[in-house]
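**Student:** The following block contains the structure, expressed as structure tokens.
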Amino acid sequence: MLTGAAALAAGSCAQRTPVPALHPNVVIILADDLGYGDLGCYGARNVETPNVNRLAEQGVRLTQAYAASSVSTPSRYSLLTGHYAWRRPDTDIAVGDAGMIIRPEQYTIADLFANEGYATGAFGKWHLGLGEKGGEQDWNAPLPCGLADIGFQESYIMAATGDRVPCVFIENGRVSQYDPSAPIEVSYREPFDGEPLAKDHPELLYNLQSTPGIGHNQAIVNGIGRIGYMKGGGKALWKDENIADSITAHALNFIEKHKDEPFFVYLATNDIHVPRFPHERFRGRSGMGLRGDAIAEFDWTVGAVMDKLEQLGLTENTLLIVTSDNGPVLEDGYQDQARELLNGHSPSGTIRGNKYGVYEAGTRVPAIVRWPARVAAGSESEALVSHIDLFASFTRLLGADLPRGMAPDSRDGLDAWLGQDPVGRQYVVEQANNRTLSVRTSRWKFVEPSDGPEEYRWAPGSELGYRPYPQLFDLVEDPREQRNVAEGHPDTVRELETILATERTNGQSSDN
């Protein structure tokens, strides 16, 4: 039984097992807005995910894995740096022309692998800024500050998200397939003269209609309204229905190219994030409209990576992780009938909440780990794990040295991630969109008081859970967080409040 903050801060006592001398390849496939209940192996209805299910049959399925935040930018920042995003004021949802949020002087997971002789590549959604200063990038020339400065030797990325301009891929620091006849201009302040806007010309939205009165009604690219203003691009502009094919192809080419040396792949898919517009070969696959079909498209990407590893004989010694950056959202700026077409499917599964909010489904995410050389096939683990610990876990995996002061919040949880430690962390810290913090132990979930709306106007139906008073849930007796028992357990509230206060005061975790 836990008897105080000191007990909660103690790490797991499970015996650590040595790692093999041969460093494995490591591939992280990070889904976007994929909910805890969106995969077949986590109980999904209506949408089939045979490839992810196959991965679970070959590895360990984690049932208490957490992203560091219930929204994208802070979640990804924390994973790649081992540093809680809420410790910095500039890590909220990034605009499309944000400057680099992860600075070159920071040590990243990519730096860790590169310094151990790995080939490192990033593919897909980035959403962590590019260039030296926000709003001042010259998209018609090589960017002076990019992923090569933080450890990724090769990259093919979307600057931000699918719903934000610029709607072009950035390959190794410059616009891919740049079209000199259509120079690119981007602004998040003023529209460009002569460029039609989605709010004024809904007839031009031939692929997907924006929700009226929401920010996804500015620039029009590929018949879809976006956030922000853009001019030019020409042949470099992406087609949303081809995004998954494009980023997956580049990731597979990277794996093929580096098959004879260890490699680290960060493959951040776009599919389930709005605007959802999967390739036509996935349309109608789920019976749940575009969101369900996008999940099927994501499953295809996972299968393509698995097949490539098998083809190259790399399966046995490749550590493959499939997880999500945060929880699900249905309506999020576009009229794609995601809510109306659920047909009994629950994106959050059996837990409460969604993207943006404080409840469990905002940050508790699917996580499947396969490494045949070390992970028991078809296993399941209730160990408490967090993306924040991947950095330190990989450091131990590689037997590497971590520069002083880097990844300060990351702790070695390798055995828990591999299904060999059934306990994992004694607590995880979760961040909501408005920076409200929560702390979760094996039994309790405490949410600190905060101010905020009931829901965001751009995401109607989302449940944020912001309250001006403490919330405490007994997740053993009340896994759906229906009964706030804070008044009946003042000692537990004080104990968990102390954990959050200690985290903030110390500037880093102690031994959690």
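Convention: chains lettered A, B, ... in structure tokens order; per-chain residue numbering from 1; ligands numbered from 1 as shown.
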Enumerate the residues of range 182-392 of chain A with a DSSP assignment of strand (DSSP E or B), computed from the backbone, and present them as a PyMOL selection string.

**Tutor:** chain A and resi 185-187+197+208+210+219-221+224-225+227+229-231+237+263-268+318-324+334+364-370+379-381+384-386

**Student:** Show me, as a Markdown table, the residues of range 369-469 of chain A having an atom within 9 Å of range 350-356 of chain A, each with the closest atom pair and its distance in Å, using only C-alpha atoms.

**Tutor:**
```
| residue | atom | partner | partner_atom | distance |
| --- | --- | --- | --- | --- |
| A:Gln431 | CA | A:Tyr356 | CA | 9.0 |
| A:Ala432 | CA | A:Tyr356 | CA | 5.7 |
| A:Asn433 | CA | A:Tyr356 | CA | 4.8 |
| A:Asn434 | CA | A:Tyr356 | CA | 8.0 |
| A:Tyr456 | CA | A:Tyr356 | CA | 8.9 |
| A:Ser462 | CA | A:Asn354 | CA | 6.4 |
| A:Glu463 | CA | A:Gly353 | CA | 5.9 |
| A:Leu464 | CA | A:Tyr356 | CA | 6.3 |
| A:Gly465 | CA | A:Gly353 | CA | 8.2 |
```

**Student:** Could those selected residues go to a file with C-alpha atoms, as a PDB file, in the first residue's frame?

**Tutor:**
```
ATOM      1  CA  GLN A 431      -1.396  17.319 -19.278  1.00  0.00           C
ATOM      2  CA  ALA A 432      -4.623  18.661 -20.791  1.00  0.00           C
ATOM      3  CA  ASN A 433      -4.924  21.282 -23.516  1.00  0.00           C
ATOM      4  CA  ASN A 434      -5.275  24.177 -21.038  1.00  0.00           C
ATOM      5  CA  TYR A 456     -14.419  23.853 -27.425  1.00  0.00           C
ATOM      6  CA  SER A 462     -15.744  16.926 -26.643  1.00  0.00           C
ATOM      7  CA  GLU A 463     -15.629  16.587 -22.859  1.00  0.00           C
ATOM      8  CA  LEU A 464     -12.868  18.677 -21.328  1.00  0.00           C
ATOM      9  CA  GLY A 465     -13.491  18.130 -17.627  1.00  0.00           C
TER      10      GLY A 465
END
```

**Student:** Kindly indicate which residue among A:Phe123, A:Phe192, A:Phe282, A:Phe169 lies nearest to Ile247 in chain A, using only C-alpha atoms for the distances.

**Tutor:**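 Under the stated criterion, the closest residue is A:Phe123.
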
**Student:** Give me the residues near Gly134 in chain A as a ChimeraX atom specification, where near means some atom within 7 Å (using only C-alpha atoms) and where sequence neighbours in that chain fewer than 5 positions away do not count.

**Tutor:** /A:97-99

**Student:** Take the residues that were just selected and, keeping N, CA and C atoms, output them as a short mmCIF file (atom, residue, chain, number, x, y, z; two decimals), in the first residue's frame.

**Tutor:**
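Just written: part_35.cif:
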```cif
data_model
loop_
_atom_site.label_atom_id
_atom_site.label_comp_id
_atom_site.auth_asym_id
_atom_site.auth_seq_id
_atom_site.Cartn_x
_atom_site.Cartn_y
_atom_site.Cartn_z
N ASP A 97 3.34 27.87 -39.06
CA ASP A 97 4.62 28.53 -39.34
C ASP A 97 5.39 28.82 -38.06
N ALA A 98 5.22 27.97 -37.05
CA ALA A 98 5.99 28.11 -35.81
C ALA A 98 7.47 27.84 -36.08
N GLY A 99 8.32 28.53 -35.34
CA GLY A 99 9.74 28.22 -35.39
C GLY A 99 10.01 26.93 -34.62
#
```

**Student:** Between CA of Leu320 in chain A and CA of Trp371 in chain A, what is the spacing in Å?

**Tutor:**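 Result for CA of Trp371 in chain A versus CA of Leu320 in chain A: 6.4 Å, one decimal.
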
**Student:** If we count only C-alpha atoms, what is near Asn207 in chain A at a cut-off of 8 Å, once residues fewer than 6 positions away on the same chain are taken out, given as a list in words?

**Tutor:**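 In the requested form, the answer reads Asn222, Gly223 and Ile224 of chain A.
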
**Student:** Would you mind exporting the chosen residues as a compact mmCIF listing (two decimals), in the first residue's frame, restricted to C-alpha atoms?

**Tutor:**
```txt
# COMPACT_ATOMS: atom_id res chain seq x y z
CA ASN A 222 -7.14 20.27 -52.68
CA GLY A 223 -10.77 21.27 -52.24
CA ILE A 224 -10.42 21.43 -48.43
```

**Student:** Output as a Markdown table one row per residue of range 356-409 of chain A within 9 Å of range 438-453 of chain A: the closest atom pair and its distance in Å to one decimal place, counting only C-alpha atoms, sorted by chain and residue number ascending.

**Tutor:**
```
| residue | atom | partner | partner_atom | distance |
| --- | --- | --- | --- | --- |
| A:Val358 | CA | A:Ser438 | CA | 7.1 |
| A:Tyr359 | CA | A:Val447 | CA | 8.4 |
| A:Glu360 | CA | A:Lys445 | CA | 8.6 |
| A:Ala383 | CA | A:Ser442 | CA | 8.8 |
| A:Leu384 | CA | A:Ser442 | CA | 7.3 |
```

**Student:** Looking at only C-alpha atoms, which of A:Val47, A:Leu472, A:Ala486, A:Val375 is the one that sits closest to Leu341 in chain A?

**Tutor:**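 Checking each candidate against Leu341 in chain A, we get A:Val47 as the closest.
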